[in-house]
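Asks: Below is the file data_31.txt, with compact mmCIF, C-alpha atoms.
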```
# COMPACT_ATOMS: atom_id res chain seq x y z
CA MET A 112 29.60 98.87 109.34
CA PRO A 113 31.03 97.36 106.12
CA ALA A 114 34.68 97.69 105.20
CA GLU A 115 35.42 100.82 103.19
CA LEU A 116 38.25 103.02 102.00
CA GLN A 117 37.35 106.66 102.47
CA SER A 118 38.80 109.09 99.96
CA THR A 119 39.19 112.79 100.79
CA SER A 120 41.28 115.67 99.47
CA GLN A 121 43.58 117.94 101.45
CA GLY A 122 44.70 120.46 98.85
CA GLN A 123 46.77 118.51 96.32
CA THR A 124 47.02 115.46 98.59
CA LEU A 125 44.64 112.52 98.31
CA VAL A 126 44.00 110.91 101.71
CA LEU A 127 42.87 107.26 101.71
CA THR A 128 41.52 106.14 105.09
CA LEU A 129 41.09 102.47 105.99
CA ARG A 130 37.82 102.06 107.88
CA HIS A 131 36.57 98.76 109.26
CA PRO A 132 36.11 99.29 113.00
CA GLU A 133 34.67 95.87 113.83
CA LEU A 134 37.79 94.16 112.48
CA ARG A 135 40.45 96.76 113.38
CA ASN A 136 40.66 98.12 109.84
CA ALA A 137 41.41 94.69 108.39
CA LEU A 138 42.37 94.68 104.72
CA GLU A 139 39.26 93.09 103.28
CA PRO A 140 38.96 92.55 99.49
CA ALA A 141 36.61 95.54 99.14
CA ILE A 142 39.22 97.86 100.66
CA CYS A 143 42.00 96.52 98.42
CA ALA A 144 39.85 96.86 95.29
CA ALA A 145 38.95 100.43 96.26
CA GLY A 146 42.63 101.20 96.86
CA ILE A 147 43.57 100.05 93.37
CA GLU A 148 40.82 102.14 91.81
CA ALA A 149 41.71 105.21 93.90
CA LEU A 150 45.33 105.09 92.75
CA ASN A 151 44.26 104.69 89.12
CA VAL A 152 42.09 107.80 89.42
CA ALA A 153 44.85 109.72 91.23
CA GLU A 154 47.35 108.88 88.51
CA ARG A 155 45.11 110.47 85.88
CA ASN A 156 44.28 113.54 87.98
CA PRO A 157 46.90 116.32 87.63
CA ASP A 158 45.47 118.04 90.72
CA VAL A 159 46.69 115.15 92.88
CA ARG A 160 50.39 115.45 93.67
CA CYS A 161 50.70 113.04 96.60
CA VAL A 162 48.77 110.22 98.32
CA VAL A 163 48.56 109.52 102.07
CA ILE A 164 47.26 106.19 103.39
CA THR A 165 46.07 106.10 106.99
CA GLY A 166 43.58 104.30 109.23
CA ALA A 167 40.46 105.41 111.06
CA ASP A 168 39.90 105.57 114.81
CA GLY A 169 43.54 105.80 115.86
CA LEU A 170 44.51 102.52 114.20
CA PHE A 171 46.31 101.77 110.93
CA SER A 172 45.44 98.14 110.21
CA ALA A 173 45.59 94.78 111.95
CA GLY A 174 46.07 93.08 108.57
CA SER A 175 43.85 90.17 107.61
CA SER A 176 41.01 89.40 110.00
CA PRO A 177 41.00 85.99 111.79
CA GLN A 178 37.56 85.36 110.33
CA ARG A 179 38.80 85.86 106.79
CA LEU A 180 41.85 83.67 107.33
CA GLN A 181 39.69 80.92 108.77
CA ALA A 182 37.35 81.12 105.78
CA LEU A 183 40.28 81.01 103.34
CA ARG A 184 41.62 77.82 104.95
CA HIS A 185 38.44 76.02 103.88
CA GLN A 186 38.41 77.28 100.29
CA SER A 187 39.96 75.74 97.21
CA ALA A 188 43.53 76.64 96.24
CA PRO A 189 42.38 78.81 93.27
CA ALA A 190 40.02 80.73 95.57
CA GLN A 191 42.82 81.21 98.09
CA VAL A 192 45.09 82.58 95.37
CA HIS A 193 42.37 84.96 94.19
CA GLY A 194 41.82 86.14 97.76
CA LEU A 195 45.46 87.16 98.04
CA ASP A 196 45.78 88.65 94.57
CA LEU A 197 43.74 91.78 95.34
CA LEU A 198 46.03 92.69 98.23
CA HIS A 199 49.11 92.08 96.09
CA HIS A 200 47.71 94.09 93.19
CA TRP A 201 47.17 97.03 95.54
CA ILE A 202 50.68 96.70 96.96
CA GLU A 203 52.11 96.63 93.44
CA ALA A 204 49.98 99.64 92.45
CA ILE A 205 51.50 101.61 95.35
CA ARG A 206 55.04 100.64 94.38
CA THR A 207 54.57 101.59 90.71
CA HIS A 208 52.41 104.69 91.27
CA PRO A 209 54.20 107.70 89.74
CA LYS A 210 53.29 109.97 92.65
CA PRO A 211 54.68 109.76 96.22
CA VAL A 212 52.67 107.60 98.61
CA ILE A 213 53.04 108.18 102.36
CA ALA A 214 51.85 105.92 105.19
CA ALA A 215 50.54 107.70 108.30
CA VAL A 216 50.51 105.09 111.08
CA GLU A 217 48.70 105.36 114.40
CA GLY A 218 48.02 102.51 116.81
CA GLU A 219 49.06 99.22 115.28
CA ALA A 220 50.15 98.00 111.87
CA LYS A 221 50.29 94.22 111.91
CA GLY A 222 50.57 91.48 109.32
CA ALA A 223 49.36 92.75 105.97
CA GLY A 224 48.85 96.16 107.58
CA PHE A 225 52.60 96.33 108.24
CA SER A 226 53.19 95.15 104.65
CA LEU A 227 50.97 97.97 103.37
CA ALA A 228 52.92 100.58 105.34
CA LEU A 229 56.24 99.18 104.06
CA ALA A 230 55.02 99.38 100.46
CA CYS A 231 54.62 103.16 100.74
CA ASP A 232 57.48 105.44 99.69
CA LEU A 233 57.65 107.23 103.04
CA MET A 234 56.32 106.45 106.50
CA VAL A 235 55.25 108.71 109.36
CA ALA A 236 54.44 106.91 112.60
CA ALA A 237 53.12 107.97 115.98
CA ARG A 238 55.66 107.42 118.73
CA ASN A 239 53.37 104.89 120.40
CA ALA A 240 52.61 102.98 117.18
CA VAL A 241 53.27 99.23 117.24
CA PHE A 242 54.28 97.07 114.30
CA ALA A 243 54.42 93.27 113.95
CA MET A 244 54.85 90.71 111.20
CA ASN A 245 52.67 88.27 113.12
CA HIS A 246 51.85 85.85 110.28
CA VAL A 247 53.98 83.17 111.92
CA HIS A 248 51.68 83.07 114.97
CA ALA A 249 48.92 81.78 112.69
CA GLY A 250 51.24 79.28 111.04
CA LEU A 251 51.56 81.46 107.95
CA SER A 252 54.34 83.04 105.92
CA PRO A 253 54.32 86.77 105.05
CA ASP A 254 52.30 88.41 102.30
CA GLY A 255 51.99 91.85 100.74
CA GLY A 256 55.65 91.99 99.72
CA ALA A 257 56.90 92.01 103.32
CA SER A 258 59.68 89.50 102.72
CA TRP A 259 60.97 91.49 99.73
CA ASN A 260 60.81 94.87 101.45
CA LEU A 261 62.43 93.68 104.66
CA ALA A 262 65.14 91.83 102.76
CA GLN A 263 65.94 95.02 100.86
CA MET A 264 65.81 97.31 103.88
CA LEU A 265 67.55 95.22 106.54
CA PRO A 266 70.44 92.84 107.10
CA ARG A 267 69.44 89.21 106.59
CA ALA A 268 69.46 88.33 110.29
CA LEU A 269 67.16 91.23 111.20
CA ALA A 270 64.71 90.39 108.41
CA HIS A 271 64.62 86.80 109.70
CA GLU A 272 64.04 87.96 113.28
CA ILE A 273 61.11 90.21 112.37
CA LEU A 274 59.46 87.58 110.17
CA MET A 275 60.25 84.44 112.18
CA CYS A 276 59.59 85.76 115.69
CA GLY A 277 56.61 87.98 114.91
CA ASP A 278 57.40 90.23 117.88
CA ARG A 279 55.91 93.67 118.44
CA ILE A 280 58.27 96.47 117.37
CA ASP A 281 57.88 100.07 118.40
CA ALA A 282 58.12 103.01 116.00
CA ALA A 283 61.38 104.31 117.50
CA ARG A 284 63.17 101.05 116.70
CA LEU A 285 61.84 101.09 113.14
CA GLN A 286 63.11 104.64 112.76
CA SER A 287 66.54 103.60 114.04
CA LEU A 288 66.53 100.87 111.37
CA GLY A 289 65.72 103.43 108.68
CA MET A 290 62.18 102.20 108.02
CA VAL A 291 60.27 105.19 109.48
CA ASN A 292 60.98 108.69 108.17
CA ARG A 293 59.25 110.79 110.83
CA LEU A 294 57.98 110.21 114.37
CA ALA A 295 54.92 112.13 115.49
CA ASP A 296 53.16 112.66 118.78
CA PRO A 297 50.22 110.28 119.28
CA GLY A 298 47.25 111.45 117.22
CA ARG A 299 49.46 113.60 114.98
CA ALA A 300 50.74 111.09 112.40
CA LEU A 301 48.29 112.20 109.72
CA HIS A 302 49.04 115.87 110.42
CA GLU A 303 52.78 115.27 110.05
CA ALA A 304 52.23 113.13 106.95
CA LEU A 305 50.19 115.92 105.35
CA ALA A 306 52.97 118.42 106.13
CA LEU A 307 55.47 116.10 104.47
CA ALA A 308 53.12 115.65 101.54
CA GLN A 309 52.84 119.43 101.15
CA ARG A 310 56.61 119.69 100.94
CA LEU A 311 56.55 117.12 98.12
CA ASN A 312 53.58 118.84 96.48
CA ASP A 313 55.69 121.97 96.18
CA GLY A 314 58.30 120.05 94.19
CA PRO A 315 58.33 119.18 90.47
CA PRO A 316 56.08 116.13 89.95
CA HIS A 317 58.03 114.86 86.93
CA ALA A 318 61.28 114.84 88.93
CA LEU A 319 59.65 113.08 91.89
CA ALA A 320 58.25 110.43 89.54
CA SER A 321 61.72 109.93 88.09
CA ILE A 322 63.27 109.60 91.54
CA LYS A 323 60.73 106.98 92.56
CA GLU A 324 61.35 104.95 89.41
CA LEU A 325 65.13 105.30 89.64
CA VAL A 326 65.24 104.09 93.24
CA SER A 327 62.95 101.17 92.41
CA GLU A 328 64.94 100.12 89.35
CA ALA A 329 68.37 100.51 91.00
CA ARG A 330 68.04 97.14 92.70
CA HIS A 331 67.81 95.40 89.34
CA HIS A 332 70.55 97.23 87.46
CA SER A 333 74.31 97.23 87.35
CA PHE A 334 75.95 100.58 88.10
CA THR A 335 76.53 101.20 84.39
CA GLU A 336 72.89 100.41 83.58
CA GLN A 337 71.72 102.74 86.33
CA LEU A 338 73.90 105.55 84.98
CA ALA A 339 72.22 105.15 81.60
CA LEU A 340 68.77 105.26 83.20
CA GLU A 341 69.71 108.36 85.22
CA ARG A 342 70.92 110.05 82.04
CA SER A 343 67.64 109.25 80.28
CA HIS A 344 65.54 110.68 83.10
CA PHE A 345 67.79 113.71 83.55
CA VAL A 346 67.59 114.69 79.87
CA ARG A 347 63.83 114.12 79.83
CA ASN A 348 63.38 116.34 82.89
CA LEU A 349 65.46 119.11 81.35
CA GLN A 350 62.63 119.60 78.87
CA HIS A 351 60.11 120.51 81.59
CA ALA A 352 59.41 124.17 82.30
CA PRO A 353 60.49 124.07 85.96
CA ALA A 354 63.95 122.95 84.86
CA GLY A 355 64.19 125.94 82.53
CA GLU A 356 63.04 128.28 85.28
CA THR A 357 65.63 126.81 87.64
CA ARG A 358 68.40 127.29 85.07
CA ALA A 359 67.34 130.90 84.56
CA ALA A 360 67.19 131.53 88.31
CA SER A 361 70.63 130.02 88.90
CA ALA A 362 72.08 132.40 86.27
CA ASP A 363 70.54 135.40 88.06
CA PRO A 364 72.76 136.53 90.98
CA ARG A 365 69.67 137.96 92.69
CA ALA A 366 68.05 134.49 92.87
```
Just give me the structure of the file as structure tokens.

Replies:
Amino acid sequence: MPAELQSTSQGQTLVLTLRHPELRNALEPAICAAGIEALNVAERNPDVRCVVITGADGLFSAGSSPQRLQALRHQSAPAQVHGLDLLHHWIEAIRTHPKPVIAAVEGEAKGAGFSLALACDLMVAARNAVFAMNHVHAGLSPDGGASWNLAQMLPRALAHEILMCGDRIDAARLQSLGMVNRLADPGRALHEALALAQRLNDGPPHALASIKELVSEARHHSFTEQLALERSHFVRNLQHAPAGETRAASADPRA
């Protein structure tokens, strides 16, 4: 069966499912290209409020397949760069997408699969899920933004440990480190992710888009610059109807 990214709808949530059973849902170029296109379509579709990324057959993704890595080693440098660019374009599309993106992780998320989960805004993981930045075992450095995300999320020593040792990490430890939002019973990660998505779907999409952008930009701004950006978003969001309805409701003692 060829690699594919299945796209289905659950109400206002778009579910993207990694499916490549022969290679443990490896992130092949076809999957990355489909992911970029799916997010572009979702951005233009007002009926989509949230996106969930998951894997088929009780597995998130083992990252890049050994076969693909071996083939890349024998290609020219420009071809190697091109082979990585699709993954990075998809990761960047997730980070800049104006709608919330949630990872629902079952089984294992390793290498680029772990990077993909980290790129999402929120993560739900099964209690028995296993994560690993195992690039180092193949003599490689991380990809998919893993070094940036881990450096932002964790103390320097912990980021080094995860990337340099490549050890398996369970979901409970990632939650204790603040990297997993919700733990789910095995087989229930997608269900819990959809419930979380529904909670976000019930919120104001313009405000959620602002929050995502503000959190992303905060790392690059001084406090004064961030205050100015918050003011800009706040005033812009006051013009939306839900803000007016909220103001009216707050003035009504029966609300």

Asks: Which residues are near stretch 240-243 of chain A? Cut-off 9 Å, only C-alpha atoms, ignore same chain within fewer than 6 positions. Put them as a list in words.

Replies: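 Here the answer would be Leu170, Phe171, Val216, Glu217, Gly218, Glu219, Ala220, Lys221, Gly222, Gly224, Phe225, Ile273, Leu274, Gly277, Asp278, Arg279, Ile280, Asp281, Ala282, Ala283, Leu285 and Pro297 of chain A.
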
Asks: Neighbouring residues of A:Ser226 were defined as those with any atom within 9 Å, considering only C-alpha atoms; residues of the same chain fewer than 5 positions away were excluded. Please report them as a ChimeraX atom specification.

Replies: /A:174,202,220-221,244,253-258,260

Asks: May I have a table of the residues of stretch 114-172 of chain A lying at most 7 Å from stretch 188-198 of chain A, giving each one's closest pair of atoms and their distance in Å to one decimal, counting only C-alpha atoms, ordered by chain and ascending residue number, as a Markdown table?

Replies:
```
| residue | atom | partner | partner_atom | distance |
| --- | --- | --- | --- | --- |
| A:Pro140 | CA | A:Leu197 | CA | 6.4 |
| A:Cys143 | CA | A:Leu198 | CA | 5.6 |
| A:Ala144 | CA | A:Leu197 | CA | 6.4 |
```

Asks: Hey, can you check how far atom CA of A:Leu338 sits from atom CA of A:Pro316?

Replies: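 If I compute the distance from atom CA of A:Leu338 to atom CA of A:Pro316, I get 21.3 Å.
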
Asks: Can you build me a table of stretch 219-270 of chain A residues sitting at most 12 Å from stretch 153-164 of chain A, with the closest atom pair per residue and its distance in Å to one decimal, using only C-alpha atoms, sorted by chain and residue number, as CSV?

Replies:
```
residue,atom,partner,partner_atom,distance
A:Gly224,CA,A:Ile164,CA,11.0
A:Leu227,CA,A:Ile164,CA,9.0
A:Ala228,CA,A:Ile164,CA,8.2
A:Leu229,CA,A:Ile164,CA,11.4
A:Ala230,CA,A:Ile164,CA,10.7
A:Cys231,CA,A:Ile164,CA,8.4
A:Asp232,CA,A:Val162,CA,10.0
A:Leu233,CA,A:Val163,CA,9.4
A:Met234,CA,A:Val163,CA,9.4
A:Val235,CA,A:Val163,CA,9.9
A:Ala236,CA,A:Ile164,CA,11.7
```

Asks: Please provide as a PDB file with C-alpha atoms, keeping the file's coordinate frame all residues within 10 Å of A:Leu311, with the sequence filter that same-chain residues fewer than 6 positions apart are discarded (counting only C-alpha atoms).

Replies:
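The resulting result.pdb:
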```pdb
ATOM      1  CA  THR A 124      47.020 115.460  98.590  1.00  0.00           C
ATOM      2  CA  ARG A 160      50.390 115.450  93.670  1.00  0.00           C
ATOM      3  CA  CYS A 161      50.700 113.040  96.600  1.00  0.00           C
ATOM      4  CA  LYS A 210      53.290 109.970  92.650  1.00  0.00           C
ATOM      5  CA  PRO A 211      54.680 109.760  96.220  1.00  0.00           C
ATOM      6  CA  LEU A 305      50.190 115.920 105.350  1.00  0.00           C
ATOM      7  CA  LEU A 319      59.650 113.080  91.890  1.00  0.00           C
TER       8      LEU A 319
END
```

Asks: If you measure from atom CA of A:Gly298 to atom CA of A:Ala223, what distance in Å do you get, rounded to one decimal?

Replies: 21.9 Å

Asks: Atom CA of A:Val346 and atom CA of A:His317, how far apart in Å?

Replies: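 About the pair atom CA of A:His317 and atom CA of A:Val346: they are 11.9 Å apart.
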
Asks: Just want the 8 Å neighbourhood of A:Ile142, counted on only C-alpha atoms, with same-chain residues fewer than 2 positions away dropped. Output as an mmCIF file with C-alpha atoms, in the coordinates of the input.

Replies:
```cif
data_model
loop_
_atom_site.group_PDB
_atom_site.id
_atom_site.type_symbol
_atom_site.label_atom_id
_atom_site.label_comp_id
_atom_site.auth_asym_id
_atom_site.auth_seq_id
_atom_site.Cartn_x
_atom_site.Cartn_y
_atom_site.Cartn_z
ATOM 1 C CA ALA A 114 34.680 97.690 105.200
ATOM 2 C CA GLU A 115 35.420 100.820 103.190
ATOM 3 C CA LEU A 116 38.250 103.020 102.000
ATOM 4 C CA LEU A 129 41.090 102.470 105.990
ATOM 5 C CA LEU A 138 42.370 94.680 104.720
ATOM 6 C CA GLU A 139 39.260 93.090 103.280
ATOM 7 C CA PRO A 140 38.960 92.550 99.490
ATOM 8 C CA ALA A 144 39.850 96.860 95.290
ATOM 9 C CA ALA A 145 38.950 100.430 96.260
ATOM 10 C CA GLY A 146 42.630 101.200 96.860
#
```

Asks: Taking into account all atoms listed in the file, which residue in the set A:Ala249, A:Ala318, A:Leu288, A:Leu180 is nearest to A:Leu265?

Replies: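 Of A:Ala249, A:Ala318, A:Leu288, A:Leu180, the one nearest A:Leu265 is A:Leu288, counting all atoms listed in the file.
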
Asks: When you count only C-alpha atoms, which of these residues is closest to A:Ser118: A:Asp313, A:Ala149, A:Ser252, A:Ala141?

Replies: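 Checking each of A:Asp313, A:Ala149, A:Ser252, A:Ala141 against A:Ser118, counting only C-alpha atoms, the winner is A:Ala149.
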
Asks: Could you name the residues that touch A:Arg238 at 6 Å or less, counting all atoms listed in the file, but leaving out those on the same chain fewer than 4 positions away, as a PyMOL selection string?

Replies: chain A and resi 282+294-296

Asks: Using only C-alpha atoms, which residue out of A:Thr165, A:Gln181, A:Gln350, A:Asn151 lies closest to A:Leu127?

Replies: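 Of A:Thr165, A:Gln181, A:Gln350, A:Asn151, the one nearest A:Leu127, counting only C-alpha atoms, is A:Thr165.
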